[in-house]
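Novice: This is the content of query.txt (compact mmCIF, C-alpha atoms):
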# COMPACT_ATOMS: atom_id res chain seq x y z
CA MET Y 1 6.44 -16.26 -20.34
CA GLU Y 2 9.79 -16.71 -18.65
CA VAL Y 3 12.67 -18.13 -20.65
CA ARG Y 4 13.78 -21.68 -19.89
CA PHE Y 5 17.44 -22.35 -20.59
CA LEU Y 6 19.51 -25.25 -21.86
CA ALA Y 7 23.17 -24.84 -20.94
CA ASP Y 8 25.52 -27.04 -22.94
CA SER Y 9 28.34 -29.08 -21.41
CA MET Y 10 30.70 -26.08 -21.28
CA LEU Y 11 28.40 -24.04 -19.06
CA GLY Y 12 27.76 -26.01 -15.87
CA LYS Y 13 28.69 -23.16 -13.52
CA LEU Y 14 26.49 -20.77 -15.47
CA ALA Y 15 23.55 -23.18 -15.15
CA LYS Y 16 24.07 -23.32 -11.39
CA TRP Y 17 24.04 -19.53 -11.06
CA LEU Y 18 20.95 -19.24 -13.26
CA ARG Y 19 19.26 -21.68 -10.87
CA VAL Y 20 20.40 -19.59 -7.90
CA MET Y 21 18.62 -16.66 -9.56
CA GLY Y 22 15.47 -18.78 -9.94
CA TYR Y 23 15.70 -19.59 -13.64
CA ASP Y 24 14.92 -22.98 -15.13
CA ALA Y 25 18.35 -23.99 -16.45
CA TYR Y 26 18.64 -27.54 -17.74
CA TYR Y 27 22.19 -28.88 -17.82
CA GLU Y 28 23.90 -32.19 -18.47
CA SER Y 29 27.63 -32.68 -18.50
CA PHE Y 30 27.53 -34.29 -21.93
CA ASP Y 31 26.34 -33.10 -25.30
CA GLY Y 32 23.93 -35.30 -27.13
CA ALA Y 33 22.85 -33.71 -30.41
CA HIS Y 34 19.57 -35.60 -30.29
CA ARG Y 35 18.91 -34.49 -26.71
CA ILE Y 36 19.76 -30.84 -27.47
CA TYR Y 37 17.42 -30.89 -30.46
CA HIS Y 38 14.49 -32.11 -28.36
CA LEU Y 39 15.12 -29.69 -25.50
CA VAL Y 40 15.30 -26.74 -27.89
CA GLN Y 41 12.14 -27.98 -29.63
CA ASP Y 42 10.53 -28.05 -26.18
CA GLY Y 43 11.05 -24.29 -25.96
CA ARG Y 44 14.40 -23.93 -24.23
CA LEU Y 45 16.95 -21.29 -25.21
CA LEU Y 46 20.29 -22.97 -25.90
CA LEU Y 47 23.27 -21.32 -24.25
CA SER Y 48 26.59 -22.39 -25.70
CA ARG Y 49 30.16 -21.23 -26.17
CA ASN Y 50 30.31 -23.26 -29.40
CA ARG Y 51 29.48 -21.04 -32.39
CA PRO Y 52 28.68 -23.90 -34.83
CA ILE Y 53 26.11 -25.32 -32.39
CA THR Y 54 24.42 -21.94 -31.89
CA GLU Y 55 24.29 -21.50 -35.66
CA GLN Y 56 22.29 -24.75 -35.92
CA TYR Y 57 19.56 -23.48 -33.59
CA PRO Y 58 17.75 -20.17 -34.05
CA ASP Y 59 16.71 -20.30 -30.36
CA SER Y 60 20.22 -19.99 -28.99
CA LEU Y 61 22.65 -17.51 -27.56
CA LEU Y 62 26.39 -17.66 -28.14
CA ILE Y 63 28.17 -17.04 -24.85
CA ARG Y 64 31.52 -15.41 -25.50
CA SER Y 65 33.02 -15.13 -22.03
CA ASP Y 66 34.53 -17.91 -19.96
CA GLN Y 67 33.74 -16.09 -16.67
CA VAL Y 68 30.35 -16.64 -14.99
CA LYS Y 69 30.00 -12.95 -14.10
CA GLU Y 70 30.36 -11.92 -17.73
CA GLN Y 71 28.22 -14.83 -18.97
CA LEU Y 72 25.34 -13.69 -16.76
CA GLN Y 73 25.84 -10.13 -17.96
CA GLU Y 74 25.70 -11.31 -21.59
CA ILE Y 75 22.38 -13.05 -20.94
CA ARG Y 76 21.05 -9.99 -19.09
CA ASP Y 77 22.21 -7.65 -21.87
CA ALA Y 78 20.39 -9.86 -24.39
CA GLY Y 79 17.20 -9.31 -22.34
CA TYR Y 80 16.69 -12.84 -21.05
CA ILE Y 81 17.25 -12.33 -17.32
CA LYS Y 82 16.95 -9.67 -14.67
CA ALA Y 83 17.71 -9.51 -10.97
CA ASP Y 84 14.32 -10.38 -9.51
CA ARG Y 85 15.35 -11.20 -5.97
CA SER Y 86 11.95 -12.68 -5.15
CA LYS Y 87 12.91 -15.66 -7.35
CA TRP Y 88 16.38 -16.23 -5.93
CA PHE Y 89 16.91 -19.58 -4.21
CA MET Y 90 13.62 -21.04 -5.42
CA ARG Y 91 15.18 -23.91 -7.41
CA CYS Y 92 17.24 -26.89 -6.39
CA LEU Y 93 20.81 -26.22 -7.46
CA ILE Y 94 21.26 -29.90 -8.29
CA CYS Y 95 17.91 -30.96 -9.82
CA ASN Y 96 16.66 -27.66 -11.27
CA ILE Y 97 13.24 -28.37 -9.72
CA GLN Y 98 11.32 -25.67 -7.87
CA ILE Y 99 11.76 -26.22 -4.16
CA ASN Y 100 8.78 -26.20 -1.82
CA GLU Y 101 8.02 -24.96 1.64
CA VAL Y 102 8.13 -27.72 4.20
CA THR Y 103 6.06 -28.36 7.29
CA ARG Y 104 7.67 -27.61 10.64
CA GLU Y 105 7.44 -31.28 11.57
CA ASP Y 106 9.23 -32.46 8.43
CA ALA Y 107 11.90 -29.82 8.84
CA ARG Y 108 12.46 -30.64 12.50
CA GLU Y 109 12.95 -34.33 11.70
CA ASN Y 110 15.32 -33.83 8.77
CA ILE Y 111 17.70 -30.97 9.51
CA PRO Y 112 20.05 -30.17 12.39
CA GLU Y 113 18.21 -28.84 15.45
CA TYR Y 114 20.11 -25.55 15.61
CA ILE Y 115 19.28 -24.87 11.94
CA PHE Y 116 15.61 -25.54 12.60
CA TYR Y 117 15.46 -23.06 15.48
CA GLN Y 118 17.32 -20.39 13.51
CA ASN Y 119 15.18 -20.73 10.36
CA LYS Y 120 11.74 -22.04 11.32
CA THR Y 121 9.90 -20.35 8.45
CA ALA Y 122 12.55 -20.29 5.72
CA ILE Y 123 13.23 -24.00 5.20
CA ARG Y 124 12.52 -25.47 1.79
CA PHE Y 125 12.62 -28.96 0.33
CA CYS Y 126 13.42 -30.40 -3.12
CA PRO Y 127 10.77 -32.99 -4.03
CA SER Y 128 13.14 -34.59 -6.53
CA CYS Y 129 16.37 -35.20 -4.62
CA GLY Y 130 15.13 -34.77 -1.06
CA ARG Y 131 17.58 -32.03 -0.10
CA TYR Y 132 16.62 -29.34 2.40
CA PHE Y 133 17.58 -25.70 1.94
CA TRP Y 134 17.69 -22.79 4.39
CA PRO Y 135 19.25 -19.34 4.47
CA GLY Y 136 22.73 -19.65 5.86
CA SER Y 137 26.27 -18.46 5.30
CA HIS Y 138 26.55 -20.19 1.91
CA ARG Y 139 23.44 -18.39 0.70
CA ASN Y 140 24.72 -15.07 2.06
CA ARG Y 141 27.98 -15.54 0.13
CA MET Y 142 26.00 -16.21 -3.06
CA ILE Y 143 23.91 -13.07 -2.56
CA ARG Y 144 27.06 -11.00 -2.05
CA GLN Y 145 28.58 -12.53 -5.17
CA LEU Y 146 25.53 -11.70 -7.29
CA GLU Y 147 25.49 -8.16 -5.96
CA GLU Y 148 29.20 -7.77 -6.74
CA TRP Y 149 28.42 -8.94 -10.26
CA GLY Y 150 25.82 -6.19 -10.63
CA PHE Y 151 22.65 -8.14 -9.88
CA LYS Y 152 20.97 -6.10 -7.21
CA TYR Y 153 17.27 -5.62 -6.46
CA SER Y 154 15.15 -5.11 -9.54
Let me see whether you can do it: turn the structure in this file into C-alpha cells.
Specialist:
Amino acid sequence: MEVRFLADSMLGKLAKWLRVMGYDAYYESFDGAHRIYHLVQDGRLLLSRNRPITEQYPDSLLIRSDQVKEQLQEIRDAGYIKADRSKWFMRCLICNIQINEVTREDARENIPEYIFYQNKTAIRFCPSCGRYFWPGSHRNRMIRQLEEWGFKYS
C-alpha cells in the first residue's frame, strides 16, 4: 500500500512537490494538534521539521533540510517515495485529489482553443476544484526540476 503523507505547516512546498510526483500529501497552513492526531490515526505519515511533534507520533519522519530538493531526498532515502513517472501529474496541486480524464467536449468548452488542439488527449480535470490540467511549459519546467533533483525514470 502506498504511503499517504501529512505535511505540517512548515512544509507546504514539499507537499506540492509530493503531489506533482503523484503522492497523496495532505497539507494545511495551520497546525491543529487535534487535526494532526486524527490524520495520523487515519494512516498518514506525518512529515515535520519540528522534532517534538515527530517524537509524539511513531508514524512520522523528521525532515531536517529546509530545501525541497533535500527534503524529497530524505523521504526517498527513508524508503517512502520513488520516481515513478507514471504517477506524476495525477493529483491536483491545490486539492490533492486525483485528477480525471475529461471528455473532448468538456475540454473544448472549458480551456483555451489553442490548448485544446495541442493537447486533445492529455487534458485532465479536478473534480474537487474544477481546474483543468494539460502538459505545457509549466509542467515541462517541473519535470526538468525533478530530474535535476535526481528523480528520473524508475
Novice: Counting all atoms listed in the file, figure out which residue out of Y:Ala107, Y:Cys92, Y:Ile53, Y:Ala83 gets nearest to Gly150 of chain Y.
Specialist: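 Going through Y:Ala107, Y:Cys92, Y:Ile53, Y:Ala83 one by one, the smallest distance to Gly150 of chain Y is for Y:Ala83.
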Novice: Looking at only C-alpha atoms, which of Y:Glu101, Y:Asp42, Y:Asp24, Y:Asp77 is the one that sits closest to Ile63 of chain Y?
Specialist: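 Of Y:Glu101, Y:Asp42, Y:Asp24, Y:Asp77, the one nearest Ile63 of chain Y, counting only C-alpha atoms, is Y:Asp77.
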Novice: So, counting only C-alpha atoms, which residue among Y:Asn100, Y:Ser9, Y:Ser86, Y:Asn110 is closest to Ala33 of chain Y?
Specialist: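 Closest candidate: Y:Ser9.
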Novice: Could you tell me how far atom CA of Ile36 of chain Y lies from atom CA of Asp8 of chain Y, in Å and to one decimal?
Specialist: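 Atom CA of Asp8 of chain Y lies 8.3 Å from atom CA of Ile36 of chain Y.
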Novice: So the first atom is atom CA of Ser60 of chain Y and the second is atom CA of His34 of chain Y; what is the distance between them in Å, to one decimal place?
Specialist: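 Between these atoms lies a distance of 15.7 Å.
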Novice: Counting only C-alpha atoms, which of Y:Tyr57, Y:Tyr27, Y:Tyr37, Y:Phe116 gets nearest to Gly136 of chain Y?
Specialist: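 With only C-alpha atoms as the atom set, the closest residue is Y:Phe116.
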Novice: Which polymer residues have any atom within 10 Å of an atom of Ala78 of chain Y, counting only C-alpha atoms, with same-chain residues fewer than 5 positions away left out, as a PDB file with C-alpha atoms, keeping the file's coordinate frame?
Specialist:
ATOM      1  CA  LEU Y  61      22.650 -17.510 -27.560  1.00  0.00           C
ATOM      2  CA  LEU Y  72      25.340 -13.690 -16.760  1.00  0.00           C
ATOM      3  CA  GLN Y  73      25.840 -10.130 -17.960  1.00  0.00           C
TER       4      GLN Y  73
END
Novice: Have a look at Y:Tyr132, Y:Leu14, Y:Gln41, Y:Lys152 and name the one nearest to Glu70 of chain Y; count only C-alpha atoms.
Specialist: Y:Leu14
Novice: Interatomic distance between atom CA of Arg51 of chain Y and atom CA of Val3 of chain Y?
Specialist: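 One can read the atom CA of Arg51 of chain Y to atom CA of Val3 of chain Y distance as 20.7 Å.
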Novice: List as a list in words the protein and nucleic acid residues near Leu146 of chain Y, meaning an atom at most 12 Å away when all atoms listed in the file are counted, but skip any in the same chain fewer than 5 places from it.
Specialist: Trp17, Leu18, Val20, Met21, Val68, Lys69, Glu70, Leu72, Gln73, Lys82, Ala83, Asp84, Arg85, Trp88, Arg139, Asn140, Arg141, Phe151, Lys152 and Tyr153 of chain Y
Novice: Can you tell me, as a ChimeraX atom specification, what residues are no more than 10 Å from Arg64 of chain Y when counting only C-alpha atoms, ignoring any on the same chain fewer than 2 positions away?
Specialist: /Y:48-51,61-62,66-67,70-71,74
Novice: Could you dump the residues just selected with C-alpha atoms as a short mmCIF file (atom, residue, chain, number, x, y, z; two decimals), in the frame of the given file?
Specialist:
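Printed below is part_30.cif as written:
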data_model
loop_
_atom_site.label_atom_id
_atom_site.label_comp_id
_atom_site.auth_asym_id
_atom_site.auth_seq_id
_atom_site.Cartn_x
_atom_site.Cartn_y
_atom_site.Cartn_z
CA SER Y 48 26.59 -22.39 -25.70
CA ARG Y 49 30.16 -21.23 -26.17
CA ASN Y 50 30.31 -23.26 -29.40
CA ARG Y 51 29.48 -21.04 -32.39
CA LEU Y 61 22.65 -17.51 -27.56
CA LEU Y 62 26.39 -17.66 -28.14
CA ASP Y 66 34.53 -17.91 -19.96
CA GLN Y 67 33.74 -16.09 -16.67
CA GLU Y 70 30.36 -11.92 -17.73
CA GLN Y 71 28.22 -14.83 -18.97
CA GLU Y 74 25.70 -11.31 -21.59
#
Novice: Nearest to Ser29 of chain Y: which of Y:Gly130, Y:Gly79, Y:Pro52, Y:Gly12 is it, counting only C-alpha atoms?
Specialist: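 The shortest atom-to-atom distance to Ser29 of chain Y comes from Y:Gly12.
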